[in-house]
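Dropping upload.cif in here (mmCIF, C-alpha atoms; chains and numbers go by the auth columns):
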```cif
data_query
loop_
_atom_site.group_PDB
_atom_site.id
_atom_site.type_symbol
_atom_site.label_atom_id
_atom_site.label_comp_id
_atom_site.label_asym_id
_atom_site.label_seq_id
_atom_site.Cartn_x
_atom_site.Cartn_y
_atom_site.Cartn_z
_atom_site.B_iso_or_equiv
_atom_site.auth_seq_id
_atom_site.auth_asym_id
ATOM 1 C CA MET A 1 122.394 132.485 153.509 0.00 29 A
ATOM 2 C CA MET A 2 123.507 131.208 150.084 0.00 30 A
ATOM 3 C CA ARG A 3 126.861 130.144 151.562 0.00 31 A
ATOM 4 C CA ALA A 4 125.066 128.092 154.232 0.00 32 A
ATOM 5 C CA LEU A 5 122.928 126.531 151.507 0.00 33 A
ATOM 6 C CA ALA A 6 126.037 125.472 149.552 0.00 34 A
ATOM 7 C CA ILE A 7 127.739 124.064 152.668 0.00 35 A
ATOM 8 C CA GLY A 8 124.532 122.260 153.642 0.00 36 A
ATOM 9 C CA GLY A 9 124.165 120.821 150.143 0.00 37 A
ATOM 10 C CA PHE A 10 127.714 119.475 150.001 0.00 38 A
ATOM 11 C CA LEU A 11 127.446 118.059 153.540 0.00 39 A
ATOM 12 C CA THR A 12 124.189 116.360 152.546 0.00 40 A
ATOM 13 C CA ALA A 13 125.893 114.820 149.506 0.00 41 A
ATOM 14 C CA ILE A 14 128.795 113.560 151.636 0.00 42 A
ATOM 15 C CA LEU A 15 126.394 112.084 154.209 0.00 43 A
ATOM 16 C CA LEU A 16 124.433 110.416 151.396 0.00 44 A
ATOM 17 C CA PHE A 17 127.649 108.898 149.997 0.00 45 A
ATOM 18 C CA ALA A 18 128.466 107.542 153.472 0.00 46 A
ATOM 19 C CA GLY A 19 124.899 106.338 153.984 0.00 47 A
ATOM 20 C CA VAL A 20 124.667 104.423 150.701 0.00 48 A
ATOM 21 C CA GLU A 21 128.106 102.884 151.300 0.00 49 A
ATOM 22 C CA TRP A 22 126.995 101.852 154.797 0.00 50 A
ATOM 23 C CA ALA A 23 123.816 100.316 153.335 0.00 51 A
ATOM 24 C CA SER A 24 125.876 98.411 150.778 0.00 52 A
ATOM 25 C CA ARG A 25 127.952 96.777 153.508 0.00 53 A
ATOM 26 C CA ARG A 26 124.999 95.312 155.375 0.00 54 A
ATOM 27 C CA GLU A 27 124.476 91.586 155.145 0.00 55 A
ATOM 28 C CA ASP A 28 122.389 90.532 152.111 0.00 56 A
ATOM 29 C CA SER A 29 122.380 94.125 150.818 0.00 57 A
ATOM 30 C CA ARG A 30 121.047 94.634 147.293 0.00 58 A
ATOM 31 C CA VAL A 31 123.090 97.812 146.948 0.00 59 A
ATOM 32 C CA PRO A 32 126.593 97.272 145.521 0.00 60 A
ATOM 33 C CA SER A 33 129.483 99.041 147.232 0.00 61 A
ATOM 34 C CA LEU A 34 131.115 102.033 145.546 0.00 62 A
ATOM 35 C CA GLY A 35 134.152 99.819 144.936 0.00 63 A
ATOM 36 C CA ASP A 36 131.985 97.278 143.097 0.00 64 A
ATOM 37 C CA VAL A 37 130.385 100.035 140.997 0.00 65 A
ATOM 38 C CA CYS A 38 133.846 101.349 140.097 0.00 66 A
ATOM 39 C CA ALA A 39 135.078 97.829 139.312 0.00 67 A
ATOM 40 C CA PHE A 40 132.062 97.290 137.048 0.00 68 A
ATOM 41 C CA VAL A 41 132.705 100.574 135.227 0.00 69 A
ATOM 42 C CA MET A 42 136.363 99.613 134.816 0.00 70 A
ATOM 43 C CA ARG A 43 135.349 96.407 133.029 0.00 71 A
ATOM 44 C CA TYR A 44 134.134 98.441 130.063 0.00 72 A
ATOM 45 C CA ALA A 45 136.469 98.105 127.102 0.00 73 A
ATOM 46 C CA VAL A 46 136.286 98.893 123.408 0.00 74 A
ATOM 47 C CA GLY A 47 138.169 96.074 121.728 0.00 75 A
ATOM 48 C CA PRO A 48 141.535 95.795 123.452 0.00 76 A
ATOM 49 C CA VAL A 49 141.334 99.317 124.925 0.00 77 A
ATOM 50 C CA PRO A 50 140.209 99.388 128.616 0.00 78 A
ATOM 51 C CA VAL A 51 138.202 102.585 128.220 0.00 79 A
ATOM 52 C CA GLY A 52 136.484 102.344 131.612 0.00 80 A
ATOM 53 C CA ARG A 53 139.769 101.754 133.416 0.00 81 A
ATOM 54 C CA ILE A 54 141.537 104.603 131.640 0.00 82 A
ATOM 55 C CA GLY A 55 138.578 106.933 132.202 0.00 83 A
ATOM 56 C CA LEU A 56 138.284 106.267 135.932 0.00 84 A
ATOM 57 C CA PHE A 57 142.047 106.490 136.479 0.00 85 A
ATOM 58 C CA GLY A 58 142.128 109.731 134.521 0.00 86 A
ATOM 59 C CA PHE A 59 139.247 111.202 136.519 0.00 87 A
ATOM 60 C CA TRP A 60 140.852 110.264 139.836 0.00 88 A
ATOM 61 C CA TRP A 61 144.235 111.614 138.717 0.00 89 A
ATOM 62 C CA TRP A 62 142.648 114.916 137.689 0.00 90 A
ATOM 63 C CA LEU A 63 140.759 115.113 141.031 0.00 91 A
ATOM 64 C CA GLY A 64 143.996 114.731 143.005 0.00 92 A
ATOM 65 C CA TRP A 65 145.775 117.306 140.862 0.00 93 A
ATOM 66 C CA HIS A 66 142.826 119.722 141.199 0.00 94 A
ATOM 67 C CA PHE A 67 142.703 119.594 145.008 0.00 95 A
ATOM 68 C CA LEU A 68 146.305 118.841 145.958 0.00 96 A
ATOM 69 C CA ALA A 69 148.446 120.618 143.369 0.00 97 A
ATOM 70 C CA ARG A 70 146.539 123.781 142.627 0.00 98 A
ATOM 71 C CA MET B 1 145.485 77.484 132.027 0.00 25 B
ATOM 72 C CA MET B 2 145.823 81.253 132.105 0.00 26 B
ATOM 73 C CA ASP B 3 142.834 81.607 134.453 0.00 27 B
ATOM 74 C CA HIS B 4 144.228 78.938 136.736 0.00 28 B
ATOM 75 C CA SER B 5 147.561 80.749 137.086 0.00 29 B
ATOM 76 C CA ARG B 6 145.724 84.041 137.810 0.00 30 B
ATOM 77 C CA GLU B 7 143.775 82.368 140.627 0.00 31 B
ATOM 78 C CA LEU B 8 147.005 81.091 142.138 0.00 32 B
ATOM 79 C CA THR B 9 148.461 84.599 142.003 0.00 33 B
ATOM 80 C CA ALA B 10 145.420 86.068 143.722 0.00 34 B
ATOM 81 C CA GLU B 11 145.549 83.487 146.526 0.00 35 B
ATOM 82 C CA ALA B 12 149.219 84.145 147.281 0.00 36 B
ATOM 83 C CA PRO B 13 149.694 87.935 147.419 0.00 37 B
ATOM 84 C CA ARG B 14 153.182 89.262 147.008 0.00 38 B
ATOM 85 C CA ALA B 15 154.943 90.580 150.098 0.00 39 B
ATOM 86 C CA TRP B 16 154.687 94.222 148.973 0.00 40 B
ATOM 87 C CA ASP B 17 150.984 93.813 148.203 0.00 41 B
ATOM 88 C CA ARG B 18 149.972 93.440 151.857 0.00 42 B
ATOM 89 C CA PRO B 19 148.532 96.260 154.001 0.00 43 B
ATOM 90 C CA VAL B 20 151.485 96.005 156.386 0.00 44 B
ATOM 91 C CA VAL B 21 153.666 97.197 153.481 0.00 45 B
ATOM 92 C CA SER B 22 151.313 99.298 151.347 0.00 46 B
ATOM 93 C CA VAL B 23 149.806 101.388 154.187 0.00 47 B
ATOM 94 C CA PRO B 24 153.156 102.664 155.564 0.00 48 B
ATOM 95 C CA VAL B 25 154.304 103.420 151.993 0.00 49 B
ATOM 96 C CA LEU B 26 151.109 105.404 151.345 0.00 50 B
ATOM 97 C CA ILE B 27 151.530 107.239 154.678 0.00 51 B
ATOM 98 C CA CYS B 28 155.115 108.229 153.775 0.00 52 B
ATOM 99 C CA LEU B 29 154.025 109.440 150.322 0.00 53 B
ATOM 100 C CA SER B 30 151.148 111.370 151.921 0.00 54 B
ATOM 101 C CA LEU B 31 153.372 113.063 154.502 0.00 55 B
ATOM 102 C CA VAL B 32 155.675 114.263 151.714 0.00 56 B
ATOM 103 C CA GLY B 33 152.723 115.439 149.599 0.00 57 B
ATOM 104 C CA GLY B 34 151.217 117.270 152.561 0.00 58 B
ATOM 105 C CA GLN B 35 154.311 119.470 152.825 0.00 59 B
ATOM 106 C CA LEU B 36 154.087 120.730 149.245 0.00 60 B
ATOM 107 C CA PRO B 37 152.242 124.050 148.881 0.00 61 B
ATOM 108 C CA SER B 38 149.459 124.666 146.348 0.00 62 B
ATOM 109 C CA PHE B 39 150.382 126.016 142.928 0.00 63 B
ATOM 110 C CA SER B 40 154.040 124.987 143.407 0.00 64 B
ATOM 111 C CA ALA B 41 155.970 123.139 140.708 0.00 65 B
ATOM 112 C CA GLN B 42 156.888 120.478 143.279 0.00 66 B
ATOM 113 C CA ALA B 43 153.226 119.799 144.083 0.00 67 B
ATOM 114 C CA ASN B 44 152.392 119.522 140.375 0.00 68 B
ATOM 115 C CA LEU B 45 155.279 117.173 139.660 0.00 69 B
ATOM 116 C CA TYR B 46 154.598 115.055 142.751 0.00 70 B
ATOM 117 C CA THR B 47 150.897 114.676 141.897 0.00 71 B
ATOM 118 C CA LEU B 48 151.662 113.856 138.273 0.00 72 B
ATOM 119 C CA GLY B 49 154.440 111.443 139.317 0.00 73 B
ATOM 120 C CA THR B 50 152.510 109.482 141.966 0.00 74 B
ATOM 121 C CA GLY B 51 149.332 109.409 139.865 0.00 75 B
ATOM 122 C CA GLY B 52 151.254 108.429 136.744 0.00 76 B
ATOM 123 C CA ALA B 53 153.004 105.592 138.572 0.00 77 B
ATOM 124 C CA LEU B 54 149.682 104.276 139.914 0.00 78 B
ATOM 125 C CA ILE B 55 148.092 104.466 136.460 0.00 79 B
ATOM 126 C CA TRP B 56 151.060 102.573 135.024 0.00 80 B
ATOM 127 C CA LEU B 57 150.592 99.887 137.694 0.00 81 B
ATOM 128 C CA GLY B 58 146.859 99.814 137.055 0.00 82 B
ATOM 129 C CA LEU B 59 147.126 99.386 133.298 0.00 83 B
ATOM 130 C CA ASN B 60 149.596 96.521 133.273 0.00 84 B
ATOM 131 C CA ASN B 61 149.186 93.160 134.962 0.00 85 B
ATOM 132 C CA ARG B 62 151.850 93.485 137.643 0.00 86 B
ATOM 133 C CA VAL B 63 149.355 93.973 140.481 0.00 87 B
ATOM 134 C CA PRO B 64 146.819 91.229 141.278 0.00 88 B
ATOM 135 C CA ARG B 65 143.232 92.431 140.939 0.00 89 B
ATOM 136 C CA ARG B 66 140.102 91.542 142.882 0.00 90 B
ATOM 137 C CA PRO B 67 137.358 90.059 140.702 0.00 91 B
ATOM 138 C CA ALA B 68 134.887 92.623 139.342 0.00 92 B
ATOM 139 C CA PRO B 69 131.116 91.960 139.298 0.00 93 B
ATOM 140 C CA ARG B 70 129.812 90.920 135.871 0.00 94 B
ATOM 141 C CA ARG B 71 126.607 92.932 136.383 0.00 95 B
ATOM 142 C CA LEU B 72 125.208 95.358 138.918 0.00 96 B
ATOM 143 C CA THR B 73 122.123 94.733 141.030 0.00 97 B
ATOM 144 C CA PRO B 74 119.171 97.165 140.638 0.00 98 B
ATOM 145 C CA GLY B 75 120.143 98.689 143.999 0.00 99 B
ATOM 146 C CA ALA B 76 123.013 100.421 142.205 0.00 100 B
ATOM 147 C CA VAL B 77 120.606 103.249 141.298 0.00 101 B
ATOM 148 C CA TRP B 78 120.856 104.430 144.923 0.00 102 B
ATOM 149 C CA TRP B 79 124.303 105.766 144.024 0.00 103 B
ATOM 150 C CA LEU B 80 122.635 108.286 141.728 0.00 104 B
ATOM 151 C CA LEU B 81 121.206 110.049 144.798 0.00 105 B
ATOM 152 C CA PRO B 82 124.480 111.375 146.325 0.00 106 B
ATOM 153 C CA VAL B 83 125.978 111.889 142.864 0.00 107 B
ATOM 154 C CA THR B 84 122.987 113.977 141.780 0.00 108 B
ATOM 155 C CA VAL B 85 122.880 116.081 144.968 0.00 109 B
ATOM 156 C CA PHE B 86 126.612 116.771 144.677 0.00 110 B
ATOM 157 C CA GLY B 87 126.350 117.460 140.945 0.00 111 B
ATOM 158 C CA VAL B 88 123.464 119.913 141.366 0.00 112 B
ATOM 159 C CA PHE B 89 125.270 121.958 144.025 0.00 113 B
ATOM 160 C CA GLU B 90 128.654 121.830 142.270 0.00 114 B
ATOM 161 C CA GLY B 91 127.031 122.776 138.968 0.00 115 B
ATOM 162 C CA ALA B 92 124.992 125.620 140.477 0.00 116 B
ATOM 163 C CA THR B 93 127.915 127.107 142.426 0.00 117 B
ATOM 164 C CA PHE B 94 130.214 126.783 139.397 0.00 118 B
ATOM 165 C CA VAL B 95 127.784 128.341 136.916 0.00 119 B
ATOM 166 C CA LEU B 96 126.727 131.228 139.184 0.00 120 B
ATOM 167 C CA SER B 97 130.394 131.807 140.074 0.00 121 B
ATOM 168 C CA VAL B 98 129.762 134.351 142.840 0.00 122 B
ATOM 169 C CA GLY B 99 132.799 133.415 144.951 0.00 123 B
ATOM 170 C CA ASP B 100 132.531 132.993 148.712 0.00 124 B
ATOM 171 C CA ASP B 101 128.838 133.908 148.788 0.00 125 B
ATOM 172 C CA PHE B 102 127.906 130.640 147.054 0.00 126 B
ATOM 173 C CA PRO B 103 131.189 128.688 146.966 0.00 127 B
ATOM 174 C CA THR B 104 132.081 125.613 144.940 0.00 128 B
ATOM 175 C CA PHE B 105 133.316 122.514 146.764 0.00 129 B
ATOM 176 C CA SER B 106 136.895 123.362 145.744 0.00 130 B
ATOM 177 C CA ARG B 107 136.619 126.884 147.167 0.00 131 B
ATOM 178 C CA LEU B 108 135.306 125.468 150.448 0.00 132 B
ATOM 179 C CA ALA B 109 138.091 122.878 150.608 0.00 133 B
ATOM 180 C CA ASP B 110 141.004 125.208 149.799 0.00 134 B
ATOM 181 C CA PRO B 111 141.316 126.873 153.256 0.00 135 B
ATOM 182 C CA LEU B 112 141.083 123.467 154.956 0.00 136 B
ATOM 183 C CA LEU B 113 143.821 122.045 152.724 0.00 137 B
ATOM 184 C CA GLU B 114 146.257 124.784 153.743 0.00 138 B
ATOM 185 C CA ASP B 115 146.820 122.929 157.027 0.00 139 B
ATOM 186 C CA HIS B 116 149.628 120.374 156.591 0.00 140 B
ATOM 187 C CA LEU B 117 147.904 117.642 158.615 0.00 141 B
ATOM 188 C CA VAL B 118 144.614 118.009 156.714 0.00 142 B
ATOM 189 C CA ARG B 119 146.561 118.136 153.436 0.00 143 B
ATOM 190 C CA SER B 120 148.466 114.945 154.300 0.00 144 B
ATOM 191 C CA THR B 121 145.188 113.253 155.273 0.00 145 B
ATOM 192 C CA ALA B 122 143.664 114.273 151.938 0.00 146 B
ATOM 193 C CA TRP B 123 146.771 112.950 150.186 0.00 147 B
ATOM 194 C CA PHE B 124 146.379 109.632 152.009 0.00 148 B
ATOM 195 C CA ALA B 125 142.691 109.387 151.093 0.00 149 B
ATOM 196 C CA TRP B 126 143.479 110.131 147.432 0.00 150 B
ATOM 197 C CA LEU B 127 146.380 107.670 147.220 0.00 151 B
ATOM 198 C CA ALA B 128 144.579 104.917 149.167 0.00 152 B
ATOM 199 C CA ALA B 129 141.521 105.183 146.915 0.00 153 B
ATOM 200 C CA PHE B 130 143.807 105.235 143.849 0.00 154 B
ATOM 201 C CA TRP B 131 145.578 102.091 145.102 0.00 155 B
ATOM 202 C CA GLY B 132 142.161 100.504 145.659 0.00 156 B
ATOM 203 C CA LEU B 133 141.195 101.306 142.050 0.00 157 B
ATOM 204 C CA VAL B 134 144.471 99.869 140.738 0.00 158 B
ATOM 205 C CA ARG B 135 143.686 96.580 142.475 0.00 159 B
ATOM 206 C CA ARG B 136 140.094 96.328 141.099 0.00 160 B
#
```
Just dump the structure as structure tokens.
Amino acid sequence: MMRALAIGGFLTAILLFAGVEWASRREDSRVPSLGDVCAFVMRYAVGPVPVGRIGLFGFWWWLGWHFLAR
Amino acid sequence: MMDHSRELTAEAPRAWDRPVVSVPVLICLSLVGGQLPSFSAQANLYTLGTGGALIWLGLNNRVPRRPAPRRLTPGAVWWLLPVTVFGVFEGATFVLSVGDDFPTFSRLADPLLEDHLVRSTAWFAWLAAFWGLVRR
């Protein structure tokens, strides 16, 4: 029962990700795509240090290591 | 003058920066990655090596970048919905830590990633998204 709840919850989250991305790609959509959100986050910098870029790269690197190397 | 030269670079992509080159390269890297078993030194080194190379490319100006939006529209809050749902379930399964009875996303994905084809597909998704980030 709890296992089905967890699977259902993660599937719902994945479907929501796909749904919002689909909505963002419609003509005249007011929802930015996930790529645009990431690009906006990556603009953040403290002085000359691209904190947003380093943070997002680091997160994605860790995610790949977590799922694909261990 | 600097901005003008950047625009010219963006309009004339380099040969290796086209999908006809980058996609086959990513597929080859993914097929190799898909053969490496979990918890192996090779898998660790390969993940650190490919990710490190992409971060190096992403932090210098060798790869042309697509322009980023200066501000987000209010519709961006919709992204909080899937993030929150995922975060609630990942947080709950992680904190309760009762194994397969209420598994985390990682625990659910592990058996699927044991298959070489699924593992290579996951590698491709990770590398393609990473390449997309490098170019933003």
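In this structure, the chain B residues at most 6 Å away from chain A are Ser62, Phe63, Ala67, Asn68, Thr71, Gly75, Ala92, Pro93, Gly99, Ala100, Pro106, Val109, Phe110, Asp125, Phe126 and Arg160 of chain B, with only C-alpha atoms considered.
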Would you output that residue set with C-alpha atoms, as a PDB file, in the coordinates of the input?
```pdb
ATOM      1  CA  SER B  62     149.459 124.666 146.348  1.00  0.00           C
ATOM      2  CA  PHE B  63     150.382 126.016 142.928  1.00  0.00           C
ATOM      3  CA  ALA B  67     153.226 119.799 144.083  1.00  0.00           C
ATOM      4  CA  ASN B  68     152.392 119.522 140.375  1.00  0.00           C
ATOM      5  CA  THR B  71     150.897 114.676 141.897  1.00  0.00           C
ATOM      6  CA  GLY B  75     149.332 109.409 139.865  1.00  0.00           C
ATOM      7  CA  ALA B  92     134.887  92.623 139.342  1.00  0.00           C
ATOM      8  CA  PRO B  93     131.116  91.960 139.298  1.00  0.00           C
ATOM      9  CA  GLY B  99     120.143  98.689 143.999  1.00  0.00           C
ATOM     10  CA  ALA B 100     123.013 100.421 142.205  1.00  0.00           C
ATOM     11  CA  PRO B 106     124.480 111.375 146.325  1.00  0.00           C
ATOM     12  CA  VAL B 109     122.880 116.081 144.968  1.00  0.00           C
ATOM     13  CA  PHE B 110     126.612 116.771 144.677  1.00  0.00           C
ATOM     14  CA  ASP B 125     128.838 133.908 148.788  1.00  0.00           C
ATOM     15  CA  PHE B 126     127.906 130.640 147.054  1.00  0.00           C
ATOM     16  CA  ARG B 160     140.094  96.328 141.099  1.00  0.00           C
TER      17      ARG B 160
END
```
The PyMOL selection byres ((chain B and resi 151) around 9) resolved against shown file, as number ranges by chain:
A: 92; B: 50, 53-54, 74-75, 78, 146-150, 152-156
Output file for the residues above (C-alpha atoms, as a compact mmCIF listing (two decimals), keeping the file's coordinate frame):
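In the end it all went to result_11.txt:
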```txt
# COMPACT_ATOMS: atom_id res chain seq x y z
CA GLY A 92 144.00 114.73 143.00
CA LEU B 50 151.11 105.40 151.34
CA LEU B 53 154.02 109.44 150.32
CA SER B 54 151.15 111.37 151.92
CA THR B 74 152.51 109.48 141.97
CA GLY B 75 149.33 109.41 139.86
CA LEU B 78 149.68 104.28 139.91
CA ALA B 146 143.66 114.27 151.94
CA TRP B 147 146.77 112.95 150.19
CA PHE B 148 146.38 109.63 152.01
CA ALA B 149 142.69 109.39 151.09
CA TRP B 150 143.48 110.13 147.43
CA ALA B 152 144.58 104.92 149.17
CA ALA B 153 141.52 105.18 146.92
CA PHE B 154 143.81 105.24 143.85
CA TRP B 155 145.58 102.09 145.10
CA GLY B 156 142.16 100.50 145.66
```
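Between Glu138 in chain B and the residues B:Val45, B:Gly58, B:Thr97, B:Ala39, the shortest atom-to-atom distance, using only C-alpha atoms, involves B:Gly58.
Of the listed residues B:Val87, B:Val49, B:Leu157, B:Ala116, the one whose atoms come nearest to Gly80 in chain A is B:Leu157, with distances taken using only C-alpha atoms.
Here CA of Asp41 in chain B and CA of Gly75 in chain A stand 29.5 Å from one another.
Across the structure, CA of Trp50 in chain A and CA of Pro98 in chain B are spaced 16.8 Å apart.
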To one decimal in Å, tell me the separation between CA of Arg159 in chain B and CA of Gly82 in chain B.
7.1 Å
